[in-house]
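A.B. asks: Contents of structure_29.txt (compact mmCIF, C-alpha atoms and all ligand atoms) are given next:
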```
# COMPACT_ATOMS: atom_id res chain seq x y z
CA MET O 1 -73.19 -61.92 127.60
CA SER O 2 -69.55 -62.91 127.69
CA VAL O 3 -67.17 -64.80 129.95
CA ILE O 4 -65.04 -62.30 131.86
CA MET O 5 -61.49 -63.60 131.78
CA ASN O 6 -60.06 -63.35 135.25
CA GLY O 7 -56.41 -62.41 134.83
CA LYS O 8 -56.00 -61.87 138.53
CA GLU O 9 -57.00 -65.46 139.27
CA VAL O 10 -54.91 -67.00 136.47
CA ALA O 11 -51.90 -64.87 137.49
CA GLN O 12 -52.27 -66.12 141.08
CA LYS O 13 -52.30 -69.69 139.82
CA VAL O 14 -49.12 -69.05 137.80
CA ARG O 15 -47.42 -67.48 140.82
CA ASP O 16 -48.44 -70.36 143.10
CA GLU O 17 -46.91 -72.89 140.69
CA LEU O 18 -43.73 -70.81 140.38
CA LYS O 19 -43.50 -70.48 144.15
CA LYS O 20 -43.27 -74.26 144.47
CA GLU O 21 -40.65 -74.42 141.73
CA VAL O 22 -38.58 -71.65 143.32
CA SER O 23 -38.80 -73.38 146.69
CA ASN O 24 -37.55 -76.65 145.15
CA LEU O 25 -34.66 -74.78 143.56
CA LYS O 26 -33.87 -73.23 146.96
CA ASP O 27 -33.77 -76.71 148.51
CA GLN O 28 -31.16 -77.58 145.90
CA GLY O 29 -29.14 -74.53 146.95
CA LYS O 30 -30.16 -72.22 144.13
CA ILE O 31 -31.33 -68.73 145.10
CA LEU O 32 -33.04 -66.80 142.31
CA LYS O 33 -32.20 -63.14 141.96
CA PHE O 34 -33.56 -60.46 139.66
CA ALA O 35 -32.25 -56.95 139.01
CA VAL O 36 -34.48 -54.08 137.97
CA ILE O 37 -33.09 -50.76 136.75
CA MET O 38 -35.02 -47.51 136.69
CA VAL O 39 -33.59 -44.23 135.39
CA GLY O 40 -35.12 -41.00 136.63
CA ASP O 41 -38.23 -40.39 138.63
CA ASN O 42 -41.32 -41.65 136.81
CA SER O 43 -44.35 -42.22 139.03
CA ALA O 44 -45.93 -44.89 136.78
CA SER O 45 -42.58 -46.74 136.59
CA LYS O 46 -42.34 -46.65 140.37
CA ILE O 47 -45.73 -48.38 140.65
CA TYR O 48 -44.72 -51.02 138.07
CA ILE O 49 -41.44 -51.70 139.90
CA LYS O 50 -43.27 -51.95 143.23
CA ASN O 51 -45.67 -54.52 141.72
CA LYS O 52 -42.79 -56.50 140.28
CA SER O 53 -40.80 -56.57 143.51
CA LYS O 54 -43.96 -57.54 145.44
CA ALA O 55 -44.52 -60.45 143.05
CA CYS O 56 -40.84 -61.47 143.41
CA GLU O 57 -41.25 -61.50 147.17
CA GLU O 58 -44.36 -63.68 146.94
CA VAL O 59 -42.72 -66.18 144.58
CA GLY O 60 -39.46 -66.22 146.58
CA ILE O 61 -37.18 -64.40 144.12
CA ASP O 62 -34.69 -61.87 145.52
CA CYS O 63 -35.00 -58.49 143.85
CA GLU O 64 -32.26 -55.83 143.61
CA GLU O 65 -33.46 -52.38 142.61
CA TYR O 66 -31.19 -49.85 140.95
CA ILE O 67 -32.67 -46.35 140.84
CA LEU O 68 -30.37 -44.18 138.75
CA ASP O 69 -30.28 -40.41 138.49
CA ALA O 70 -32.10 -38.97 135.46
CA ASN O 71 -28.92 -37.17 134.36
CA ILE O 72 -26.63 -40.19 134.15
CA GLN O 73 -24.59 -40.74 131.01
CA MET O 74 -25.19 -43.71 128.70
CA GLN O 75 -21.84 -45.26 129.66
CA GLU O 76 -22.85 -45.48 133.33
CA LEU O 77 -26.04 -47.32 132.41
CA LEU O 78 -24.16 -49.69 130.11
CA ASP O 79 -21.51 -50.32 132.79
CA LEU O 80 -24.20 -51.28 135.29
CA ILE O 81 -25.89 -53.63 132.80
CA LYS O 82 -22.53 -55.26 131.96
CA LYS O 83 -21.73 -55.67 135.67
CA LEU O 84 -25.10 -57.39 136.20
CA ASN O 85 -24.54 -59.54 133.07
CA ASN O 86 -21.30 -60.80 134.62
CA ARG O 87 -22.75 -61.63 138.03
CA ASN O 88 -23.54 -65.33 138.34
CA ASP O 89 -26.00 -64.73 141.17
CA ILE O 90 -28.26 -62.52 138.96
CA HIS O 91 -30.59 -64.51 136.73
CA GLY O 92 -32.74 -61.80 135.17
CA ILE O 93 -32.27 -58.12 134.32
CA LEU O 94 -35.02 -55.65 133.46
CA LEU O 95 -34.66 -52.03 132.39
CA GLN O 96 -37.89 -50.21 133.18
CA SER O 97 -39.02 -47.98 130.32
CA PRO O 98 -39.33 -45.14 129.61
CA ILE O 99 -35.83 -43.83 130.25
CA PRO O 100 -34.76 -40.19 129.69
CA LYS O 101 -34.56 -39.15 126.05
CA HIS O 102 -30.79 -38.48 126.04
CA LEU O 103 -30.21 -42.21 126.63
CA ASP O 104 -30.36 -44.83 123.87
CA ILE O 105 -32.84 -47.47 125.05
CA ASP O 106 -32.15 -49.71 122.04
CA GLU O 107 -28.47 -49.87 122.92
CA ALA O 108 -29.36 -50.59 126.54
CA PHE O 109 -31.67 -53.48 125.53
CA ARG O 110 -28.97 -54.80 123.19
CA THR O 111 -26.50 -54.80 126.06
CA ILE O 112 -28.63 -56.95 128.40
CA ALA O 113 -27.33 -60.51 127.96
CA PRO O 114 -29.95 -62.45 125.93
CA GLU O 115 -30.00 -65.24 128.52
CA LYS O 116 -30.87 -62.71 131.28
CA ASP O 117 -33.26 -60.65 129.13
CA VAL O 118 -36.46 -61.57 131.00
CA ASP O 119 -38.40 -58.78 129.26
CA GLY O 120 -37.61 -60.25 125.83
CA PHE O 121 -36.51 -56.92 124.28
CA ASN O 122 -32.98 -57.86 123.21
CA PRO O 123 -32.96 -58.26 119.39
CA VAL O 124 -31.68 -61.83 119.83
CA ASN O 125 -34.87 -62.78 121.67
CA VAL O 126 -37.05 -60.76 119.29
CA GLY O 127 -35.41 -62.65 116.41
CA LYS O 128 -35.94 -66.00 118.11
CA LEU O 129 -39.63 -65.23 118.52
CA CYS O 130 -39.87 -64.39 114.80
CA LEU O 131 -38.10 -67.63 113.91
CA GLY O 132 -40.32 -69.65 116.25
CA GLN O 133 -37.30 -70.58 118.40
CA ASP O 134 -37.23 -70.84 122.17
CA GLY O 135 -36.14 -67.61 123.86
CA PHE O 136 -37.62 -64.92 126.07
CA ILE O 137 -40.92 -63.43 124.93
CA ALA O 138 -42.13 -59.99 126.06
CA CYS O 139 -44.25 -60.46 129.19
CA THR O 140 -47.49 -58.81 128.05
CA PRO O 141 -47.99 -60.87 124.85
CA LEU O 142 -46.85 -63.94 126.76
CA GLY O 143 -49.47 -63.18 129.41
CA VAL O 144 -52.16 -62.81 126.76
CA MET O 145 -51.20 -66.21 125.28
CA LYS O 146 -51.33 -67.82 128.72
CA LEU O 147 -54.76 -66.34 129.35
CA LEU O 148 -56.06 -67.64 125.99
CA GLU O 149 -54.63 -71.07 126.84
CA GLU O 150 -56.20 -71.14 130.32
CA TYR O 151 -59.61 -70.39 128.81
CA ASN O 152 -59.11 -73.03 126.09
CA ILE O 153 -59.58 -70.52 123.31
CA ASP O 154 -58.79 -71.92 119.87
CA ILE O 155 -56.25 -69.85 117.99
CA GLU O 156 -55.35 -72.03 115.04
CA GLY O 157 -57.00 -70.89 111.81
CA LYS O 158 -58.72 -67.95 113.51
CA ASN O 159 -58.67 -64.38 112.25
CA ALA O 160 -56.74 -62.49 114.91
CA VAL O 161 -56.37 -58.72 114.86
CA VAL O 162 -53.84 -56.78 116.90
CA ILE O 163 -54.48 -53.04 117.19
CA GLY O 164 -51.17 -51.33 117.93
CA ARG O 165 -47.69 -52.09 116.59
CA SER O 166 -45.35 -51.14 119.42
CA ASN O 167 -42.19 -53.16 119.96
CA ILE O 168 -43.25 -54.10 123.47
CA VAL O 169 -46.83 -55.23 122.82
CA GLY O 170 -48.19 -55.14 119.26
CA LYS O 171 -45.35 -56.69 117.28
CA PRO O 172 -44.51 -59.57 119.65
CA MET O 173 -48.27 -60.16 120.05
CA LEU O 174 -48.61 -60.54 116.28
CA GLN O 175 -45.76 -63.03 116.26
CA CYS O 176 -47.13 -65.07 119.20
CA LEU O 177 -50.52 -65.44 117.50
CA LEU O 178 -48.89 -66.27 114.16
CA ASN O 179 -46.72 -68.93 115.83
CA LYS O 180 -49.98 -70.52 117.03
CA ASN O 181 -51.29 -70.56 113.45
CA ALA O 182 -53.75 -67.68 113.58
CA THR O 183 -54.19 -65.54 110.47
CA VAL O 184 -53.03 -62.24 111.90
CA THR O 185 -53.68 -58.65 110.85
CA ILE O 186 -51.93 -55.81 112.64
CA CYS O 187 -53.47 -52.33 112.64
CA HIS O 188 -52.02 -48.94 113.54
CA SER O 189 -52.78 -45.26 113.28
CA LYS O 190 -52.40 -45.28 109.48
CA THR O 191 -54.76 -48.20 108.94
CA SER O 192 -57.52 -46.97 106.62
CA ASN O 193 -60.05 -49.80 106.95
CA LEU O 194 -59.96 -50.56 110.67
CA LEU O 195 -63.67 -51.24 110.97
CA GLU O 196 -63.62 -53.71 108.09
CA VAL O 197 -60.71 -55.56 109.71
CA THR O 198 -62.06 -55.66 113.27
CA LYS O 199 -65.56 -56.68 112.12
CA ASN O 200 -64.04 -59.81 110.61
CA ALA O 201 -61.95 -60.76 113.65
CA ASP O 202 -62.42 -63.84 115.84
CA ILE O 203 -59.85 -62.52 118.31
CA ILE O 204 -58.97 -58.86 118.88
CA VAL O 205 -56.08 -57.64 121.02
CA ALA O 206 -56.37 -53.91 121.68
CA ALA O 207 -53.05 -52.22 122.55
CA VAL O 208 -53.69 -48.65 121.48
CA GLY O 209 -53.42 -46.57 124.64
CA LYS O 210 -56.76 -44.77 124.06
CA GLU O 211 -59.58 -45.18 126.53
CA LYS O 212 -62.64 -47.09 125.28
CA PHE O 213 -61.23 -47.07 121.73
CA LEU O 214 -62.81 -50.37 120.66
CA LYS O 215 -66.61 -50.03 120.56
CA ALA O 216 -69.30 -52.69 120.33
CA ASP O 217 -70.17 -51.79 116.73
CA MET O 218 -66.57 -52.52 115.68
CA ILE O 219 -66.69 -56.22 116.56
CA LYS O 220 -68.65 -59.24 115.40
CA ASP O 221 -70.85 -61.30 117.70
CA GLY O 222 -68.90 -63.84 119.71
CA ALA O 223 -65.44 -62.32 119.20
CA VAL O 224 -62.78 -62.81 121.87
CA ILE O 225 -61.64 -59.43 123.14
CA ILE O 226 -58.32 -58.89 124.92
CA ASP O 227 -57.76 -55.43 126.37
CA VAL O 228 -54.12 -54.55 126.96
CA GLY O 229 -54.70 -50.82 127.48
CA ILE O 230 -54.00 -49.07 130.75
CA ASN O 231 -55.30 -45.51 130.57
CA ARG O 232 -55.15 -43.35 133.67
CA LEU O 233 -58.23 -41.17 134.05
CA GLU O 234 -58.35 -37.80 135.75
CA ASN O 235 -60.30 -39.24 138.69
CA GLY O 236 -57.36 -41.56 139.42
CA THR O 237 -58.97 -44.75 138.14
CA ILE O 238 -57.72 -46.77 135.19
CA CYS O 239 -59.60 -47.84 132.11
CA GLY O 240 -58.76 -50.05 129.14
CA ASP O 241 -58.80 -49.55 125.38
CA VAL O 242 -62.15 -51.35 125.12
CA ASP O 243 -65.60 -49.94 125.83
CA PHE O 244 -66.05 -52.82 128.27
CA GLU O 245 -69.69 -52.33 129.34
CA ASN O 246 -71.02 -52.39 125.78
CA VAL O 247 -68.52 -54.77 124.18
CA LYS O 248 -69.08 -57.44 126.84
CA GLU O 249 -72.68 -57.81 125.65
CA LYS O 250 -71.42 -58.92 122.23
CA ALA O 251 -68.13 -60.71 122.91
CA SER O 252 -67.79 -64.39 123.85
CA TYR O 253 -64.78 -63.73 126.11
CA ILE O 254 -63.40 -60.42 127.33
CA THR O 255 -60.69 -59.23 129.71
CA PRO O 256 -61.50 -56.48 132.22
CA VAL O 257 -59.24 -53.56 133.13
CA PRO O 258 -58.03 -53.75 135.82
CA GLY O 259 -57.75 -57.46 136.58
CA GLY O 260 -57.17 -58.80 133.06
CA VAL O 261 -53.89 -58.60 131.18
CA GLY O 262 -52.08 -56.40 133.75
CA PRO O 263 -51.60 -59.09 136.45
CA MET O 264 -50.65 -61.61 133.75
CA THR O 265 -47.76 -59.39 132.61
CA VAL O 266 -46.18 -59.46 136.07
CA ALA O 267 -46.81 -63.20 136.49
CA MET O 268 -45.09 -63.93 133.16
CA LEU O 269 -42.12 -61.85 134.24
CA MET O 270 -41.79 -64.18 137.24
CA SER O 271 -42.09 -67.13 134.88
CA ASN O 272 -39.32 -65.72 132.65
CA ILE O 273 -37.02 -65.22 135.65
CA VAL O 274 -37.51 -68.85 136.71
CA LYS O 275 -36.84 -69.91 133.10
CA ALA O 276 -33.66 -67.75 133.04
CA SER O 277 -32.38 -69.47 136.18
CA LYS O 278 -32.38 -72.75 134.29
P1 LIG T 301 -47.75 -47.26 122.05
O1 LIG T 301 -48.21 -45.86 122.26
O2 LIG T 301 -46.29 -47.53 121.91
O3 LIG T 301 -48.48 -47.86 120.76
C1 LIG T 301 -49.81 -47.58 120.48
C2 LIG T 301 -50.14 -48.14 119.14
O4 LIG T 301 -51.50 -47.84 118.86
C3 LIG T 301 -49.29 -47.58 117.99
O5 LIG T 301 -48.83 -48.62 117.17
C4 LIG T 301 -50.27 -46.68 117.25
O6 LIG T 301 -50.04 -46.61 115.85
C5 LIG T 301 -51.58 -47.38 117.52
N1 LIG T 301 -52.70 -46.45 117.36
C6 LIG T 301 -52.83 -45.22 117.86
N2 LIG T 301 -53.99 -44.67 117.46
C7 LIG T 301 -54.59 -45.57 116.66
C8 LIG T 301 -55.79 -45.58 115.91
N3 LIG T 301 -56.61 -44.53 115.90
N4 LIG T 301 -56.10 -46.69 115.20
C9 LIG T 301 -55.29 -47.75 115.20
N5 LIG T 301 -54.12 -47.80 115.90
C10 LIG T 301 -53.78 -46.72 116.60
O7 LIG T 301 -48.37 -48.09 123.23
P2 LIG T 301 -47.96 -49.49 123.91
O8 LIG T 301 -48.00 -50.58 122.90
O9 LIG T 301 -46.75 -49.31 124.71
O10 LIG T 301 -49.16 -49.67 124.92
C11 LIG T 301 -50.51 -49.74 124.49
C12 LIG T 301 -51.40 -49.72 125.70
O11 LIG T 301 -51.13 -50.86 126.49
C13 LIG T 301 -51.17 -48.54 126.63
O12 LIG T 301 -52.41 -48.19 127.21
C14 LIG T 301 -50.24 -49.09 127.71
O13 LIG T 301 -50.37 -48.41 128.94
C15 LIG T 301 -50.76 -50.50 127.81
N6 LIG T 301 -49.80 -51.48 128.31
C16 LIG T 301 -50.27 -52.39 129.18
C17 LIG T 301 -49.47 -53.38 129.66
C18 LIG T 301 -50.06 -54.39 130.59
O14 LIG T 301 -49.33 -55.04 131.30
N7 LIG T 301 -51.39 -54.55 130.59
C19 LIG T 301 -48.06 -53.47 129.29
C20 LIG T 301 -47.67 -52.49 128.29
C21 LIG T 301 -48.52 -51.52 127.83
P3 LIG T 301 -48.70 -45.97 115.20
O15 LIG T 301 -47.64 -47.00 115.37
O16 LIG T 301 -49.06 -45.76 113.78
O17 LIG T 301 -48.43 -44.72 115.97
```
As structure tokens, what does this structure read like?
Ligand code: NDP
C.D. replies:
Amino acid sequence: MSVIMNGKEVAQKVRDELKKEVSNLKDQGKILKFAVIMVGDNSASKIYIKNKSKACEEVGIDCEEYILDANIQMQELLDLIKKLNNRNDIHGILLQSPIPKHLDIDEAFRTIAPEKDVDGFNPVNVGKLCLGQDGFIACTPLGVMKLLEEYNIDIEGKNAVVIGRSNIVGKPMLQCLLNKNATVTICHSKTSNLLEVTKNADIIVAAVGKEKFLKADMIKDGAVIIDVGINRLENGTICGDVDFENVKEKASYITPVPGGVGPMTVAMLMSNIVKASK
């Protein structure tokens, strides 16, 4: 039987601490402001943006939302980002992905000023993470690291396995664990010996995007299991990448979905905005 890691509770604690910090900054005359850009009409993105602006409100950060038409040209998006880069009252900028295919998301991320890049997707911040330098780290891996820290889970010298190699989760996750001295293996759809790798893992982060992908017989007894997956089921509920009910009987620690990594992602965004204001 494992410890269920309560991301909701840890995220609340993070937000409470940030709220105090934001209030102190306000007393010194500094108002924190965050800009979020969405292009097109994506229902999942709308929910994410709503959660982010709700968290901003709770912490005391002003939030400006820019909802752009799906047919806009790249230049219009770049002009908006540049305008926000140049505004002294805006501390953080986030471009909600996905954006329509005719737009170049890499160029958009490159255009967000690194010091306002609270999502950590600008190559400057990605590079800093790789070099072990201080910068902005993508919110989901950062949230996972915070959760591991809150539960006093040893990382140094452990075999950590990340399943999934996306730029937003898998790759920065690999780097975060490596920077904490884990021996990290990253797996993807072309990995031929997945079972062999996961069976040997002390810590597994599943970021695959496939419901109940990680089964109990794929892990060793006592492994720490972090489930990043958010899979929407036909009945409207969400489910993670881990077969939670069975895996929890074998793991030492496990995150649930919902209530695990998801709330941490939003809390770490708030944390990055406060950091950007400094
Ligand atoms: P992507 O689809 O970009 O990446 C999925 C990764 O899984 C790819 O690297 C892919 O490999 C790998 N993969 C697919 N099938 C297999 C397989 N059979 N064996 C091993 N690896 C496989 O997803 P994201 O990284 O964007 O997201 C992953 C999940 O996390 C999703 O459910 C998403 O909704 C969720 N998410 C949750 C967040 C949160 O706040 N909790 C934040 C962001 C995402 P390959 O590269 O070879 O294709």
A.B. asks: Taking all atoms listed in the file into account, produce a table as a Markdown table in which each residue of chain O with an atom at most 9 Å from an atom of ligand LIG 301 (chain T) appears once, together with its shortest atom pair and the distance in Å to one decimal, ordered by chain and rising number.
C.D. replies:
```
| residue | atom | partner | partner_atom | distance |
| --- | --- | --- | --- | --- |
| O:Cys139 | CA | T:LIG301 | O14 | 7.7 |
| O:Thr140 | CA | T:LIG301 | O14 | 5.3 |
| O:Pro141 | CA | T:LIG301 | C19 | 8.6 |
| O:Gly143 | CA | T:LIG301 | O14 | 8.4 |
| O:Ile163 | CA | T:LIG301 | N5 | 5.4 |
| O:Gly164 | CA | T:LIG301 | C2 | 3.6 |
| O:Arg165 | CA | T:LIG301 | O5 | 3.7 |
| O:Ser166 | CA | T:LIG301 | O8 | 4.4 |
| O:Asn167 | CA | T:LIG301 | O8 | 7.0 |
| O:Ile168 | CA | T:LIG301 | O8 | 5.9 |
| O:Val169 | CA | T:LIG301 | O8 | 4.8 |
| O:Gly170 | CA | T:LIG301 | O8 | 5.8 |
| O:Lys171 | CA | T:LIG301 | O8 | 8.7 |
| O:Ile186 | CA | T:LIG301 | N5 | 8.9 |
| O:Cys187 | CA | T:LIG301 | C9 | 5.6 |
| O:His188 | CA | T:LIG301 | N5 | 3.4 |
| O:Ser189 | CA | T:LIG301 | C10 | 3.8 |
| O:Lys190 | CA | T:LIG301 | O16 | 5.5 |
| O:Thr191 | CA | T:LIG301 | C9 | 6.3 |
| O:Ser192 | CA | T:LIG301 | N4 | 8.7 |
| O:Leu194 | CA | T:LIG301 | C9 | 7.1 |
| O:Ala206 | CA | T:LIG301 | C12 | 7.6 |
| O:Ala207 | CA | T:LIG301 | C11 | 4.0 |
| O:Val208 | CA | T:LIG301 | O4 | 3.5 |
| O:Gly209 | CA | T:LIG301 | O12 | 3.2 |
| O:Lys210 | CA | T:LIG301 | O12 | 6.4 |
| O:Glu211 | CA | T:LIG301 | O12 | 7.8 |
| O:Phe213 | CA | T:LIG301 | N3 | 7.9 |
| O:Asp227 | CA | T:LIG301 | N7 | 7.7 |
| O:Val228 | CA | T:LIG301 | N7 | 4.5 |
| O:Gly229 | CA | T:LIG301 | O12 | 3.5 |
| O:Ile230 | CA | T:LIG301 | O12 | 4.0 |
| O:Asn231 | CA | T:LIG301 | O12 | 5.2 |
| O:Arg232 | CA | T:LIG301 | O13 | 8.4 |
| O:Cys239 | CA | T:LIG301 | O12 | 8.7 |
| O:Gly240 | CA | T:LIG301 | O12 | 6.9 |
| O:Asp241 | CA | T:LIG301 | O12 | 6.8 |
| O:Val257 | CA | T:LIG301 | N7 | 8.3 |
| O:Pro258 | CA | T:LIG301 | N7 | 8.5 |
| O:Gly260 | CA | T:LIG301 | N7 | 7.6 |
| O:Val261 | CA | T:LIG301 | N7 | 4.8 |
| O:Gly262 | CA | T:LIG301 | N7 | 3.7 |
| O:Pro263 | CA | T:LIG301 | O14 | 6.9 |
| O:Met264 | CA | T:LIG301 | O14 | 7.1 |
| O:Thr265 | CA | T:LIG301 | O14 | 4.8 |
| O:Val266 | CA | T:LIG301 | O14 | 7.2 |
```
A.B. asks: Please list as a PyMOL selection string every residue within 9 Å of Arg15 in chain O, counting all atoms listed in the file and excluding residues in the same chain fewer than 2 positions away.
C.D. replies: chain O and resi 10-13+17-20+55+58-59+267-268+270-271
A.B. asks: Taking only C-alpha atoms into account, which of O:Phe109, O:Tyr66, O:Phe136, O:Tyr253 comes nearest Met5 in chain O?
C.D. replies: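 The answer is O:Tyr253, which sits nearest to Met5 in chain O.
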A.B. asks: Set the distance at 10 Å and use only C-alpha atoms: which residues neighbour Asp89 in chain O once local chain neighbours fewer than 6 positions away are removed? I'd like the list as a list in words.
C.D. replies: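 Once the adjacent positions are removed, what remains is Lys30, Ile31, Leu32, Lys33, Phe34 and Ser277 of chain O.
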A.B. asks: Need the shell around Glu115 in chain O: protein/DNA/RNA residues with any atom at most 9 Å away, counting all atoms listed in the file. Skip same-chain ones fewer than 3 positions apart. Format as a list in words?
C.D. replies: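 Skipping anything fewer than 3 positions along the chain leaves His91, Gly92, Ile112, Val118, Asn125, Gly135, Phe136 and Ala276 of chain O.
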A.B. asks: How many Å lie between CA of Gly259 in chain O and CA of Tyr48 in chain O, rounded to one decimal?
C.D. replies: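 Taking CA of Gly259 in chain O and CA of Tyr48 in chain O, their separation equals 14.6 Å.
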A.B. asks: In Å to one decimal, how far is CA of Pro172 in chain O from CA of Lys50 in chain O?
C.D. replies: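 CA of Pro172 in chain O lies at a distance of 24.8 Å from CA of Lys50 in chain O.
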A.B. asks: Can range 123-140 of chain O be brought up to N, CA, C and O atoms and written out as a compact mmCIF listing (two decimals), in the coordinates of the input?
C.D. replies:
```txt
# COMPACT_ATOMS: atom_id res chain seq x y z
N PRO O 123 -32.67 -57.80 120.76
CA PRO O 123 -32.96 -58.26 119.39
C PRO O 123 -32.75 -59.76 119.18
O PRO O 123 -33.41 -60.35 118.32
N VAL O 124 -31.88 -60.37 119.96
CA VAL O 124 -31.68 -61.83 119.83
C VAL O 124 -32.98 -62.55 120.19
O VAL O 124 -33.42 -63.46 119.47
N ASN O 125 -33.61 -62.12 121.27
CA ASN O 125 -34.87 -62.78 121.67
C ASN O 125 -36.03 -62.41 120.74
O ASN O 125 -36.90 -63.25 120.48
N VAL O 126 -36.02 -61.17 120.25
CA VAL O 126 -37.05 -60.76 119.29
C VAL O 126 -36.92 -61.63 118.03
O VAL O 126 -37.91 -62.14 117.50
N GLY O 127 -35.67 -61.83 117.59
CA GLY O 127 -35.41 -62.65 116.41
C GLY O 127 -35.84 -64.09 116.62
O GLY O 127 -36.43 -64.72 115.74
N LYS O 128 -35.55 -64.62 117.82
CA LYS O 128 -35.94 -66.00 118.11
C LYS O 128 -37.45 -66.17 118.05
O LYS O 128 -37.96 -67.17 117.55
N LEU O 129 -38.16 -65.17 118.57
CA LEU O 129 -39.63 -65.23 118.52
C LEU O 129 -40.10 -65.27 117.07
O LEU O 129 -40.98 -66.07 116.70
N CYS O 130 -39.49 -64.43 116.23
CA CYS O 130 -39.87 -64.39 114.80
C CYS O 130 -39.57 -65.72 114.12
O CYS O 130 -40.30 -66.14 113.23
N LEU O 131 -38.49 -66.37 114.54
CA LEU O 131 -38.10 -67.63 113.91
C LEU O 131 -38.80 -68.83 114.53
O LEU O 131 -38.59 -69.97 114.13
N GLY O 132 -39.61 -68.55 115.57
CA GLY O 132 -40.32 -69.65 116.25
C GLY O 132 -39.38 -70.47 117.12
O GLY O 132 -39.64 -71.64 117.40
N GLN O 133 -38.25 -69.86 117.54
CA GLN O 133 -37.30 -70.58 118.40
C GLN O 133 -37.52 -70.21 119.86
O GLN O 133 -38.07 -69.16 120.17
N ASP O 134 -37.03 -71.09 120.74
CA ASP O 134 -37.23 -70.84 122.17
C ASP O 134 -36.32 -69.69 122.62
O ASP O 134 -35.13 -69.68 122.34
N GLY O 135 -36.91 -68.74 123.33
CA GLY O 135 -36.14 -67.61 123.86
C GLY O 135 -37.05 -66.91 124.86
O GLY O 135 -38.02 -67.50 125.33
N PHE O 136 -36.73 -65.67 125.17
CA PHE O 136 -37.62 -64.92 126.07
C PHE O 136 -38.59 -64.06 125.26
O PHE O 136 -38.19 -63.34 124.35
N ILE O 137 -39.86 -64.18 125.62
CA ILE O 137 -40.92 -63.43 124.93
C ILE O 137 -41.39 -62.31 125.85
O ILE O 137 -41.52 -62.51 127.07
N ALA O 138 -41.65 -61.14 125.28
CA ALA O 138 -42.13 -59.99 126.06
C ALA O 138 -43.32 -60.42 126.93
O ALA O 138 -44.19 -61.18 126.49
N CYS O 139 -43.33 -59.92 128.17
CA CYS O 139 -44.25 -60.46 129.19
C CYS O 139 -45.73 -60.21 128.89
O CYS O 139 -46.57 -61.06 129.22
N THR O 140 -46.06 -59.07 128.29
CA THR O 140 -47.49 -58.81 128.05
C THR O 140 -48.08 -59.76 127.00
O THR O 140 -49.09 -60.43 127.27
```
